[in-house]
Every structure is written in structure tokens, then in C-alpha cells.
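Source file: run_23.pdb. Holds: PDB, C-alpha atoms, pLDDT in the B column.
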```
ATOM      1  CA  MET A  15     175.754   3.196  -1.248  1.00 50.00           C
ATOM      2  CA  GLY A  16     175.253   3.537  -4.987  1.00 66.00           C
ATOM      3  CA  LEU A  17     172.372   1.146  -5.591  1.00 80.00           C
ATOM      4  CA  ARG A  18     171.204   0.650  -9.140  1.00 86.00           C
ATOM      5  CA  PRO A  19     167.502   1.508  -9.697  1.00 82.00           C
ATOM      6  CA  GLU A  20     166.491  -2.164  -9.806  1.00 87.00           C
ATOM      7  CA  GLU A  21     168.352  -2.806  -6.555  1.00 93.00           C
ATOM      8  CA  LEU A  22     166.680   0.131  -4.841  1.00 94.00           C
ATOM      9  CA  ALA A  23     163.265  -1.047  -6.071  1.00 95.00           C
ATOM     10  CA  LYS A  24     163.748  -4.369  -4.290  1.00 96.00           C
ATOM     11  CA  THR A  25     164.175  -2.544  -0.975  1.00 97.00           C
ATOM     12  CA  ILE A  26     160.765  -0.867  -1.312  1.00 97.00           C
ATOM     13  CA  ASP A  27     157.376  -1.917   0.058  1.00 98.00           C
ATOM     14  CA  HIS A  28     154.798   0.026  -1.980  1.00 98.00           C
ATOM     15  CA  THR A  29     152.348   1.028   0.743  1.00 97.00           C
ATOM     16  CA  LEU A  30     148.578   1.419   0.863  1.00 92.00           C
ATOM     17  CA  ALA A  31     147.824   2.002   4.528  1.00 65.00           C
ATOM     18  CA  SER A  32     144.184   3.062   4.311  1.00 68.00           C
ATOM     19  CA  GLY A  33     141.518   0.453   4.938  1.00 64.00           C
ATOM     20  CA  LYS A  34     139.116   2.745   3.025  1.00 81.00           C
ATOM     21  CA  ALA A  35     140.950   2.216  -0.259  1.00 87.00           C
ATOM     22  CA  SER A  36     138.826   1.027  -3.182  1.00 93.00           C
ATOM     23  CA  PRO A  37     139.439  -2.097  -5.301  1.00 94.00           C
ATOM     24  CA  ALA A  38     140.663   0.254  -8.028  1.00 96.00           C
ATOM     25  CA  ASP A  39     143.229   1.688  -5.600  1.00 96.00           C
ATOM     26  CA  VAL A  40     144.496  -1.810  -4.790  1.00 97.00           C
ATOM     27  CA  GLU A  41     144.689  -2.736  -8.472  1.00 97.00           C
ATOM     28  CA  ARG A  42     146.623   0.467  -9.246  1.00 96.00           C
ATOM     29  CA  LEU A  43     149.048  -0.273  -6.403  1.00 97.00           C
ATOM     30  CA  CYS A  44     149.684  -3.762  -7.761  1.00 98.00           C
ATOM     31  CA  VAL A  45     150.125  -2.621 -11.357  1.00 98.00           C
ATOM     32  CA  GLN A  46     152.679  -0.033 -10.232  1.00 97.00           C
ATOM     33  CA  ALA A  47     154.488  -2.577  -8.071  1.00 98.00           C
ATOM     34  CA  GLN A  48     154.780  -4.995 -10.992  1.00 97.00           C
ATOM     35  CA  GLU A  49     155.979  -2.256 -13.322  1.00 96.00           C
ATOM     36  CA  HIS A  50     158.779  -1.228 -10.945  1.00 96.00           C
ATOM     37  CA  HIS A  51     159.448  -4.683  -9.440  1.00 96.00           C
ATOM     38  CA  PHE A  52     159.092  -3.542  -5.849  1.00 98.00           C
ATOM     39  CA  ALA A  53     159.741  -5.998  -3.018  1.00 98.00           C
ATOM     40  CA  SER A  54     156.101  -6.020  -1.938  1.00 98.00           C
ATOM     41  CA  VAL A  55     152.818  -4.199  -1.730  1.00 98.00           C
ATOM     42  CA  SER A  56     152.023  -3.381   1.892  1.00 97.00           C
ATOM     43  CA  VAL A  57     148.272  -3.484   2.599  1.00 96.00           C
ATOM     44  CA  PRO A  58     145.806  -4.014   5.466  1.00 94.00           C
ATOM     45  CA  PRO A  59     144.368  -7.552   5.833  1.00 95.00           C
ATOM     46  CA  GLU A  60     141.119  -6.674   4.094  1.00 94.00           C
ATOM     47  CA  HIS A  61     142.993  -6.005   0.846  1.00 95.00           C
ATOM     48  CA  VAL A  62     145.230  -9.084   0.854  1.00 96.00           C
ATOM     49  CA  THR A  63     142.974 -11.344  -1.220  1.00 97.00           C
ATOM     50  CA  LEU A  64     142.585  -8.819  -4.035  1.00 97.00           C
ATOM     51  CA  ALA A  65     146.274  -7.922  -4.034  1.00 97.00           C
ATOM     52  CA  ALA A  66     147.278 -11.592  -4.132  1.00 97.00           C
ATOM     53  CA  GLU A  67     145.005 -12.158  -7.127  1.00 97.00           C
ATOM     54  CA  HIS A  68     146.554  -9.255  -9.038  1.00 97.00           C
ATOM     55  CA  LEU A  69     150.118 -10.328  -8.183  1.00 98.00           C
ATOM     56  CA  ARG A  70     149.824 -14.056  -8.815  1.00 96.00           C
ATOM     57  CA  GLY A  71     152.988 -15.139 -10.643  1.00 95.00           C
ATOM     58  CA  ALA A  72     154.686 -11.748 -10.198  1.00 97.00           C
ATOM     59  CA  ASP A  73     158.009 -11.075  -8.447  1.00 96.00           C
ATOM     60  CA  VAL A  74     156.207  -8.859  -5.910  1.00 98.00           C
ATOM     61  CA  LYS A  75     155.040 -10.208  -2.545  1.00 97.00           C
ATOM     62  CA  VAL A  76     151.917  -9.217  -0.635  1.00 98.00           C
ATOM     63  CA  SER A  77     152.739  -7.875   2.834  1.00 97.00           C
ATOM     64  CA  ALA A  78     149.838  -7.666   5.302  1.00 96.00           C
ATOM     65  CA  VAL A  79     150.048  -4.983   7.993  1.00 96.00           C
ATOM     66  CA  ILE A  80     148.524  -6.247  11.236  1.00 95.00           C
ATOM     67  CA  GLY A  81     147.602  -4.050  14.206  1.00 93.00           C
ATOM     68  CA  LEU A  82     147.329  -0.527  12.829  1.00 88.00           C
ATOM     69  CA  PRO A  83     147.451   2.077  14.211  1.00 88.00           C
ATOM     70  CA  ASN A  84     149.031   1.301  17.595  1.00 92.00           C
ATOM     71  CA  GLY A  85     148.943  -2.463  18.022  1.00 93.00           C
ATOM     72  CA  ALA A  86     146.571  -2.355  20.996  1.00 92.00           C
ATOM     73  CA  GLU A  87     144.427  -5.277  19.830  1.00 92.00           C
ATOM     74  CA  SER A  88     144.477  -8.508  21.807  1.00 91.00           C
ATOM     75  CA  ILE A  89     146.954 -11.249  20.996  1.00 90.00           C
ATOM     76  CA  ARG A  90     144.087 -13.420  19.777  1.00 92.00           C
ATOM     77  CA  GLU A  91     142.871 -10.738  17.382  1.00 94.00           C
ATOM     78  CA  LYS A  92     146.353 -10.261  15.951  1.00 94.00           C
ATOM     79  CA  VAL A  93     146.957 -13.984  15.543  1.00 93.00           C
ATOM     80  CA  GLU A  94     143.632 -14.414  13.758  1.00 95.00           C
ATOM     81  CA  ALA A  95     144.380 -11.497  11.438  1.00 95.00           C
ATOM     82  CA  ALA A  96     147.873 -12.831  10.692  1.00 95.00           C
ATOM     83  CA  ILE A  97     146.707 -16.382   9.957  1.00 94.00           C
ATOM     84  CA  GLY A  98     143.808 -15.087   7.877  1.00 95.00           C
ATOM     85  CA  SER A  99     146.194 -12.940   5.839  1.00 95.00           C
ATOM     86  CA  LEU A 100     148.453 -15.923   5.155  1.00 94.00           C
ATOM     87  CA  GLU A 101     145.465 -17.969   4.026  1.00 93.00           C
ATOM     88  CA  ASP A 102     144.424 -15.101   1.744  1.00 95.00           C
ATOM     89  CA  GLY A 103     147.816 -15.049   0.026  1.00 94.00           C
ATOM     90  CA  ALA A 104     150.204 -12.859   2.022  1.00 95.00           C
ATOM     91  CA  GLY A 105     153.858 -13.843   1.802  1.00 94.00           C
ATOM     92  CA  GLU A 106     155.043 -11.270   4.333  1.00 96.00           C
ATOM     93  CA  LEU A 107     153.579  -9.921   7.557  1.00 96.00           C
ATOM     94  CA  GLU A 108     154.221  -6.631   9.306  1.00 96.00           C
ATOM     95  CA  LEU A 109     153.011  -6.741  12.906  1.00 95.00           C
ATOM     96  CA  VAL A 110     152.584  -3.542  14.927  1.00 95.00           C
ATOM     97  CA  THR A 111     153.658  -4.052  18.536  1.00 95.00           C
ATOM     98  CA  ASN A 112     151.457  -2.902  21.401  1.00 95.00           C
ATOM     99  CA  ALA A 113     152.653   0.712  21.558  1.00 94.00           C
ATOM    100  CA  PRO A 114     151.000   1.585  24.911  1.00 94.00           C
ATOM    101  CA  ALA A 115     152.566  -1.481  26.547  1.00 95.00           C
ATOM    102  CA  LEU A 116     155.977  -0.786  25.044  1.00 94.00           C
ATOM    103  CA  ALA A 117     155.949   2.876  26.034  1.00 93.00           C
ATOM    104  CA  GLY A 118     154.745   1.928  29.517  1.00 94.00           C
ATOM    105  CA  GLY A 119     157.583  -0.525  30.060  1.00 93.00           C
ATOM    106  CA  ASP A 120     155.448  -3.688  29.973  1.00 94.00           C
ATOM    107  CA  PHE A 121     158.080  -5.565  27.994  1.00 93.00           C
ATOM    108  CA  ARG A 122     156.849  -8.977  29.162  1.00 93.00           C
ATOM    109  CA  LEU A 123     153.461  -8.416  27.510  1.00 93.00           C
ATOM    110  CA  VAL A 124     155.184  -7.303  24.320  1.00 94.00           C
ATOM    111  CA  ARG A 125     157.473 -10.332  24.302  1.00 94.00           C
ATOM    112  CA  ASP A 126     154.634 -12.787  25.048  1.00 93.00           C
ATOM    113  CA  GLU A 127     152.588 -11.302  22.233  1.00 93.00           C
ATOM    114  CA  LEU A 128     155.406 -11.490  19.693  1.00 94.00           C
ATOM    115  CA  VAL A 129     156.372 -15.039  20.646  1.00 93.00           C
ATOM    116  CA  ALA A 130     152.732 -16.176  20.285  1.00 92.00           C
ATOM    117  CA  LEU A 131     152.443 -14.468  16.911  1.00 91.00           C
ATOM    118  CA  GLU A 132     155.734 -15.843  15.624  1.00 91.00           C
ATOM    119  CA  ARG A 133     154.886 -19.421  16.639  1.00 91.00           C
ATOM    120  CA  ALA A 134     151.429 -19.250  15.102  1.00 90.00           C
ATOM    121  CA  VAL A 135     152.742 -17.782  11.852  1.00 89.00           C
ATOM    122  CA  ARG A 136     155.618 -20.255  11.482  1.00 83.00           C
ATOM    123  CA  MET A 137     153.378 -23.218  12.328  1.00 85.00           C
ATOM    124  CA  ARG A 138     150.732 -22.129   9.820  1.00 81.00           C
ATOM    125  CA  SER A 139     153.365 -21.696   7.130  1.00 76.00           C
ATOM    126  CA  VAL A 140     154.877 -25.142   7.746  1.00 71.00           C
ATOM    127  CA  ASN A 141     151.518 -26.899   7.925  1.00 70.00           C
ATOM    128  CA  ALA A 142     150.443 -25.291   4.672  1.00 63.00           C
ATOM    129  CA  GLY A 143     153.619 -26.465   2.932  1.00 58.00           C
ATOM    130  CA  ARG A 144     154.639 -22.917   2.088  1.00 63.00           C
ATOM    131  CA  GLY A 145     158.044 -21.321   2.192  1.00 65.00           C
ATOM    132  CA  ALA A 146     159.174 -19.172   5.078  1.00 79.00           C
ATOM    133  CA  VAL A 147     157.052 -16.102   5.752  1.00 90.00           C
ATOM    134  CA  LEU A 148     159.002 -12.882   6.174  1.00 94.00           C
ATOM    135  CA  LEU A 149     158.102 -11.363   9.536  1.00 95.00           C
ATOM    136  CA  LYS A 150     158.485  -7.614  10.130  1.00 97.00           C
ATOM    137  CA  ILE A 151     157.811  -6.135  13.568  1.00 97.00           C
ATOM    138  CA  ALA A 152     156.992  -2.421  13.815  1.00 96.00           C
ATOM    139  CA  ILE A 153     157.846  -0.515  16.997  1.00 96.00           C
ATOM    140  CA  ASP A 154     157.050   3.070  17.989  1.00 93.00           C
ATOM    141  CA  ALA A 155     160.693   3.970  18.555  1.00 92.00           C
ATOM    142  CA  ALA A 156     159.990   7.700  18.699  1.00 89.00           C
ATOM    143  CA  ALA A 157     158.218   7.183  22.048  1.00 90.00           C
ATOM    144  CA  LEU A 158     161.136   5.272  23.607  1.00 93.00           C
ATOM    145  CA  SER A 159     164.442   6.208  25.195  1.00 94.00           C
ATOM    146  CA  ASP A 160     167.561   4.828  23.539  1.00 94.00           C
ATOM    147  CA  LYS A 161     167.850   2.315  26.405  1.00 94.00           C
ATOM    148  CA  ALA A 162     164.277   1.150  25.814  1.00 95.00           C
ATOM    149  CA  LYS A 163     164.938   0.920  22.067  1.00 95.00           C
ATOM    150  CA  ARG A 164     167.849  -1.432  22.750  1.00 96.00           C
ATOM    151  CA  LEU A 165     165.663  -3.627  24.966  1.00 95.00           C
ATOM    152  CA  ALA A 166     162.874  -3.593  22.393  1.00 95.00           C
ATOM    153  CA  CYS A 167     165.344  -4.756  19.750  1.00 96.00           C
ATOM    154  CA  ARG A 168     166.427  -7.651  21.943  1.00 95.00           C
ATOM    155  CA  ILE A 169     162.812  -8.682  22.529  1.00 95.00           C
ATOM    156  CA  VAL A 170     161.875  -8.476  18.861  1.00 95.00           C
ATOM    157  CA  GLU A 171     164.980 -10.340  17.736  1.00 95.00           C
ATOM    158  CA  SER A 172     164.488 -13.089  20.337  1.00 94.00           C
ATOM    159  CA  ALA A 173     160.937 -13.534  19.052  1.00 92.00           C
ATOM    160  CA  GLY A 174     162.263 -14.458  15.603  1.00 92.00           C
ATOM    161  CA  ALA A 175     161.642 -11.296  13.585  1.00 94.00           C
ATOM    162  CA  ASP A 176     163.292 -10.840  10.195  1.00 95.00           C
ATOM    163  CA  PHE A 177     162.952  -7.034  10.238  1.00 97.00           C
ATOM    164  CA  VAL A 178     162.264  -4.299  12.779  1.00 97.00           C
ATOM    165  CA  ALA A 179     160.311  -1.386  11.326  1.00 97.00           C
ATOM    166  CA  VAL A 180     160.458   2.223  12.579  1.00 96.00           C
ATOM    167  CA  ALA A 181     158.995   5.528  11.447  1.00 93.00           C
ATOM    168  CA  ALA A 182     160.983   7.894   9.228  1.00 91.00           C
ATOM    169  CA  CYS A 183     160.399  11.109   7.294  1.00 85.00           C
ATOM    170  CA  ALA A 184     157.073  12.295   8.730  1.00 83.00           C
ATOM    171  CA  ASP A 185     155.389  15.414   7.357  1.00 80.00           C
ATOM    172  CA  ASP A 186     155.878  17.200  10.703  1.00 74.00           C
ATOM    173  CA  GLY A 187     159.648  17.237  10.183  1.00 72.00           C
ATOM    174  CA  PHE A 188     160.537  14.082  12.120  1.00 79.00           C
ATOM    175  CA  ASP A 189     163.094  12.205  10.019  1.00 83.00           C
ATOM    176  CA  GLY A 190     163.840   9.030  12.004  1.00 87.00           C
ATOM    177  CA  PHE A 191     167.403   8.653  10.742  1.00 92.00           C
ATOM    178  CA  HIS A 192     168.719   8.431  14.300  1.00 93.00           C
ATOM    179  CA  ASP A 193     166.367   5.537  15.048  1.00 94.00           C
ATOM    180  CA  VAL A 194     167.344   3.696  11.876  1.00 96.00           C
ATOM    181  CA  GLU A 195     171.022   4.063  12.746  1.00 96.00           C
ATOM    182  CA  LEU A 196     170.492   2.979  16.363  1.00 96.00           C
ATOM    183  CA  LEU A 197     168.460  -0.082  15.452  1.00 97.00           C
ATOM    184  CA  ARG A 198     171.053  -1.127  12.885  1.00 97.00           C
ATOM    185  CA  GLU A 199     173.634  -0.871  15.664  1.00 97.00           C
ATOM    186  CA  TYR A 200     171.526  -2.723  18.250  1.00 96.00           C
ATOM    187  CA  LEU A 201     170.344  -5.595  16.043  1.00 97.00           C
ATOM    188  CA  SER A 202     172.421  -8.503  14.836  1.00 96.00           C
ATOM    189  CA  GLU A 203     173.157  -8.857  11.133  1.00 95.00           C
ATOM    190  CA  ARG A 204     170.423 -11.505  10.920  1.00 96.00           C
ATOM    191  CA  VAL A 205     167.700  -8.912  11.473  1.00 97.00           C
ATOM    192  CA  GLY A 206     167.090  -6.082   9.029  1.00 98.00           C
ATOM    193  CA  VAL A 207     165.795  -2.556   9.649  1.00 98.00           C
ATOM    194  CA  LYS A 208     162.822  -1.150   7.788  1.00 98.00           C
ATOM    195  CA  ALA A 209     162.078   2.598   7.586  1.00 97.00           C
ATOM    196  CA  VAL A 210     158.415   3.496   7.078  1.00 96.00           C
ATOM    197  CA  GLY A 211     156.618   6.784   6.522  1.00 93.00           C
ATOM    198  CA  GLU A 212     156.283   9.733   4.168  1.00 91.00           C
ATOM    199  CA  ILE A 213     159.516   8.980   2.329  1.00 94.00           C
ATOM    200  CA  LYS A 214     159.012  11.008  -0.817  1.00 93.00           C
ATOM    201  CA  THR A 215     162.329  11.579  -2.546  1.00 92.00           C
ATOM    202  CA  LEU A 216     165.071   9.480  -4.032  1.00 92.00           C
ATOM    203  CA  GLU A 217     167.538  11.367  -1.874  1.00 92.00           C
ATOM    204  CA  GLN A 218     165.667  10.397   1.307  1.00 93.00           C
ATOM    205  CA  ALA A 219     165.509   6.770   0.204  1.00 94.00           C
ATOM    206  CA  TYR A 220     169.244   6.593  -0.442  1.00 93.00           C
ATOM    207  CA  ALA A 221     170.006   8.346   2.856  1.00 93.00           C
ATOM    208  CA  LEU A 222     167.897   5.803   4.777  1.00 95.00           C
ATOM    209  CA  VAL A 223     169.651   2.930   3.030  1.00 95.00           C
ATOM    210  CA  ASN A 224     172.968   4.507   3.992  1.00 94.00           C
ATOM    211  CA  ALA A 225     171.735   4.790   7.590  1.00 95.00           C
ATOM    212  CA  GLY A 226     171.114   1.043   7.659  1.00 96.00           C
ATOM    213  CA  ALA A 227     167.630   0.420   6.274  1.00 97.00           C
ATOM    214  CA  GLY A 228     167.252  -2.763   4.264  1.00 97.00           C
ATOM    215  CA  ARG A 229     163.603  -2.052   3.469  1.00 97.00           C
ATOM    216  CA  ILE A 230     161.673   1.169   2.912  1.00 97.00           C
ATOM    217  CA  GLY A 231     157.910   1.395   3.235  1.00 97.00           C
ATOM    218  CA  THR A 232     156.332   4.366   1.479  1.00 96.00           C
ATOM    219  CA  PRO A 233     153.197   5.364  -0.440  1.00 95.00           C
ATOM    220  CA  ALA A 234     155.416   7.534  -2.680  1.00 94.00           C
ATOM    221  CA  ALA A 235     157.373   4.640  -4.170  1.00 96.00           C
ATOM    222  CA  VAL A 236     156.526   5.446  -7.787  1.00 95.00           C
ATOM    223  CA  GLY A 237     157.618   9.071  -7.450  1.00 94.00           C
ATOM    224  CA  ILE A 238     160.913   7.937  -5.931  1.00 94.00           C
ATOM    225  CA  MET A 239     161.623   5.623  -8.851  1.00 93.00           C
ATOM    226  CA  GLN A 240     160.675   8.275 -11.393  1.00 90.00           C
ATOM    227  CA  ALA A 241     162.885  10.949  -9.818  1.00 81.00           C
ATOM    228  CA  LYS A 242     165.490  12.555 -12.023  1.00 49.00           C
ATOM    229  CA  GLY A 243     168.760  14.269 -11.265  1.00 39.00           C
ATOM    230  CA  VAL A 244     169.767  12.455  -8.059  1.00 41.00           C
ATOM    231  CA  HIS A 245     172.517  10.022  -8.905  1.00 41.00           C
ATOM    232  CA  GLU A 246     174.370   9.684  -5.628  1.00 41.00           C
ATOM    233  CA  PRO A 247     172.971   9.539  -2.083  1.00 41.00           C
ATOM    234  CA  SER A 248     173.675  12.632  -0.032  1.00 40.00           C
ATOM    235  CA  ALA A 249     175.246  12.444   3.418  1.00 40.00           C
ATOM    236  CA  HIS A 250     172.861  12.849   6.316  1.00 42.00           C
TER     237      HIS A 250
END
```
Would you put the structure from the file into C-alpha cells?
Amino acid sequence: MGLRPEELAKTIDHTLASGKASPADVERLCVQAQEHHFASVSVPPEHVTLAAEHLRGADVKVSAVIGLPNGAESIREKVEAAIGSLEDGAGELELVTNAPALAGGDFRLVRDELVALERAVRMRSVNAGRGAVLLKIAIDAAALSDKAKRLACRIVESAGADFVAVAACADDGFDGFHDVELLREYLSERVGVKAVGEIKTLEQAYALVNAGAGRIGTPAAVGIMQAKGVHEPSAH
């Protein structure tokens, strides 16, 4: 897939995962996102207000990441964090599923949680007179069998997700391309796949898009866009 640079930029969520980031870090993230016209900045709830202020009027959304690191918070805590993020200016939400429950086969708990979150988010958006909120659900696919990944996709899709997010390109050598390809196969065309992680090169970004990713979440977004010498995606 030979995406033009501006097309690739609109697949990228420029990520700031650390809750310890300073206001200057958030401002820098937003300035870079505006410069490159990324799809969104992806930040924890505590940074949403500041990011929304910096990006007011820009073509970059604020995406709040709820439930890091493993989604083990209660449903109530996640709903409160999601609603609070919307009120603070988030236009997208990325919700981390309960990884221990998913890995342990408690799919009913996972489904009940996602349904409650989806209903609360959609209701809050409608009542506030806002447009539709993009809802991304992150699953720990690396801990699941392929059969469990298929079931997880069905649960997430039935709960009304717009994207399913999975890890890719970790520093320990895990690349996640297999999971991206499987999820693209398992999900309907209505639901996109997002690859998240230490995606550092333009070549990796193109390869993930080729594997089926419609969004890429990475803290190395600027380096990817500034890369030189890679004009065509390589085969994986």
C-alpha cells in the first residue's frame, strides 16, 4: 500500500503513555501532532484537559487511554474515567480490557464491562450534543490462543467498538504482525485494527498498514514521518 505521507500521518496516534509526563511534554506532543497532522494524540486521562486546550481548532483529536496497564480496574472506575475524559475534551477513547479476565477465559465479565462502557460513552456523547466518539478497545492478544482471539474479537465488535488495538513491535523482538493479520481476518469491515507499541521506523509502519492496521499508536511518530529513503513498504 503506497500511502502518501499525509495519508500515513492520518493513521497515526502520537502517543504519550506516561502519567508522569510534564505539561511541557504534553505541549510538545501537541505541537508535533499539529505540525504533522496526526490523527490524534493518545494520552492518559490526567493529560486530556491540557491536550484539548492546545489542540482546540486543530485537525488532531485527543484520545484518552483508559485502564493502563492491564485494565484490571472496576467497571465503575473505567466508566468514570471515560466520562471524565469526554468532559475534559477527548474525542476518542481507547479502553484497555481486563487482561486477567480475558486470559483466564472470563469472557462474560469482559463483555459486560465493554457493554457498560460503550453505553455510558454513547449516552454521554448524545446528551452533550457532541458527534460520535471513536471507541478503541485494546486487548492483550499476545496472551491468547488464536481461538480466544477470535472470541475476543466477537465480544469487542458486539459491544460496539470502532477499533480493536493490539501490541506490535516491542523492544524484546515481538512484532505482532500475526495478531494484526488475524484480527483483520476475524473482524468485520466495520471495525478497524490498531497496532500499538514501539513502532519506530517508516518501514514498520507501512508493513503494519499492509498487514491490516488502520491506526498505528506510537511514541516515535515524528521520527517515522521524518524518515528518509523508504519509499515503498517492504513485504513482511
>> Give me, as a PyMOL selection string, all polymer residues having an atom no more than 10 Å from segment 193-209 of chain A, counting all atoms listed in the file and skipping those fewer than 2 positions away in the same chain.
In response: chain A and resi 25-27+150-152+155-156+160+163-168+170-171+174-183+189-191+211-213+219+222-232
Kindly resolve the PyMOL selection byres ((chain A and resi 121-138) around 8) on the present coordinates and return the residues as a short mmCIF file (atom, residue, chain, number, x, y, z; two decimals) with C-alpha atoms, in the frame of the given file.
```cif
data_model
loop_
_atom_site.label_atom_id
_atom_site.label_comp_id
_atom_site.auth_asym_id
_atom_site.auth_seq_id
_atom_site.Cartn_x
_atom_site.Cartn_y
_atom_site.Cartn_z
CA ILE A 89 146.95 -11.25 21.00
CA LYS A 92 146.35 -10.26 15.95
CA VAL A 93 146.96 -13.98 15.54
CA ALA A 96 147.87 -12.83 10.69
CA ILE A 97 146.71 -16.38 9.96
CA THR A 111 153.66 -4.05 18.54
CA ASN A 112 151.46 -2.90 21.40
CA ALA A 115 152.57 -1.48 26.55
CA LEU A 116 155.98 -0.79 25.04
CA GLY A 119 157.58 -0.52 30.06
CA ASP A 120 155.45 -3.69 29.97
CA SER A 139 153.36 -21.70 7.13
CA VAL A 140 154.88 -25.14 7.75
CA ASN A 141 151.52 -26.90 7.92
CA ALA A 142 150.44 -25.29 4.67
CA ALA A 146 159.17 -19.17 5.08
CA VAL A 147 157.05 -16.10 5.75
CA LEU A 149 158.10 -11.36 9.54
CA ALA A 166 162.87 -3.59 22.39
CA ILE A 169 162.81 -8.68 22.53
CA VAL A 170 161.88 -8.48 18.86
CA ALA A 173 160.94 -13.53 19.05
CA GLY A 174 162.26 -14.46 15.60
CA ALA A 175 161.64 -11.30 13.58
#
```
> Do you have the atom CA of Val62 of chain A-atom CA of Leu17 of chain A distance handy?
Replying inline: 29.7 Å
Using the file's own x, y and z axes, so that the box edges lie along x, y and z, what centre and edge lengths in Å (one decimal) does a box around every listed atom of segment 21-26 of chain A get when 8 Å is added on each side? Give it as AutoDock Vina command-line options.
```
--center_x 164.6 --center_y -2.1 --center_z -3.8 --size_x 23.6 --size_y 20.5 --size_z 21.6
```
> Around (146.2, -5.2, 12.3) in the file's own coordinates, what residues are found within 8 Å if you use all atoms listed in the file, given back as a PyMOL selection string?
Replying inline: chain A and resi 58-59+79-83+85+87+92+95-96+109-110
> Using only C-alpha atoms, which of the listed residues (A:His51, A:Arg42, A:Arg90, A:Lys75) sits closest to Met239 of chain A?
Replying inline: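 Residue with the minimum atom-to-atom distance to Met239 of chain A: A:His51.
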>> So, with only C-alpha atoms as the atoms that count, which of A:Ala78, A:Val45, A:Val57, A:Val40 lies closest to Ala104 of chain A?
In response: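 That would be A:Ala78, the residue with the smallest distance to Ala104 of chain A.
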>> Calculated over all atoms listed in the file, which of the candidates A:Val210, A:Val236, A:Tyr220, A:Ala117 has the smallest distance to Ala162 of chain A?
In response: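 Going through A:Val210, A:Val236, A:Tyr220, A:Ala117 one by one, the smallest distance to Ala162 of chain A is for A:Ala117.
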> Expressed in Å to a single decimal, how great is the separation between atom CA of Leu69 of chain A and atom CA of Ala184 of chain A?
Replying inline: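 If I compute the distance from atom CA of Leu69 of chain A to atom CA of Ala184 of chain A, I get 29.1 Å.
What separates atom CA of Gly187 of chain A from atom CA of Thr215 of chain A is a distance of 14.2 Å.
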> Given the choices A:Asp185, A:Glu21, A:Glu94, A:Glu41, which gets closest to Glu67 of chain A if the distance is worked out from only C-alpha atoms?
Replying inline: A:Glu41
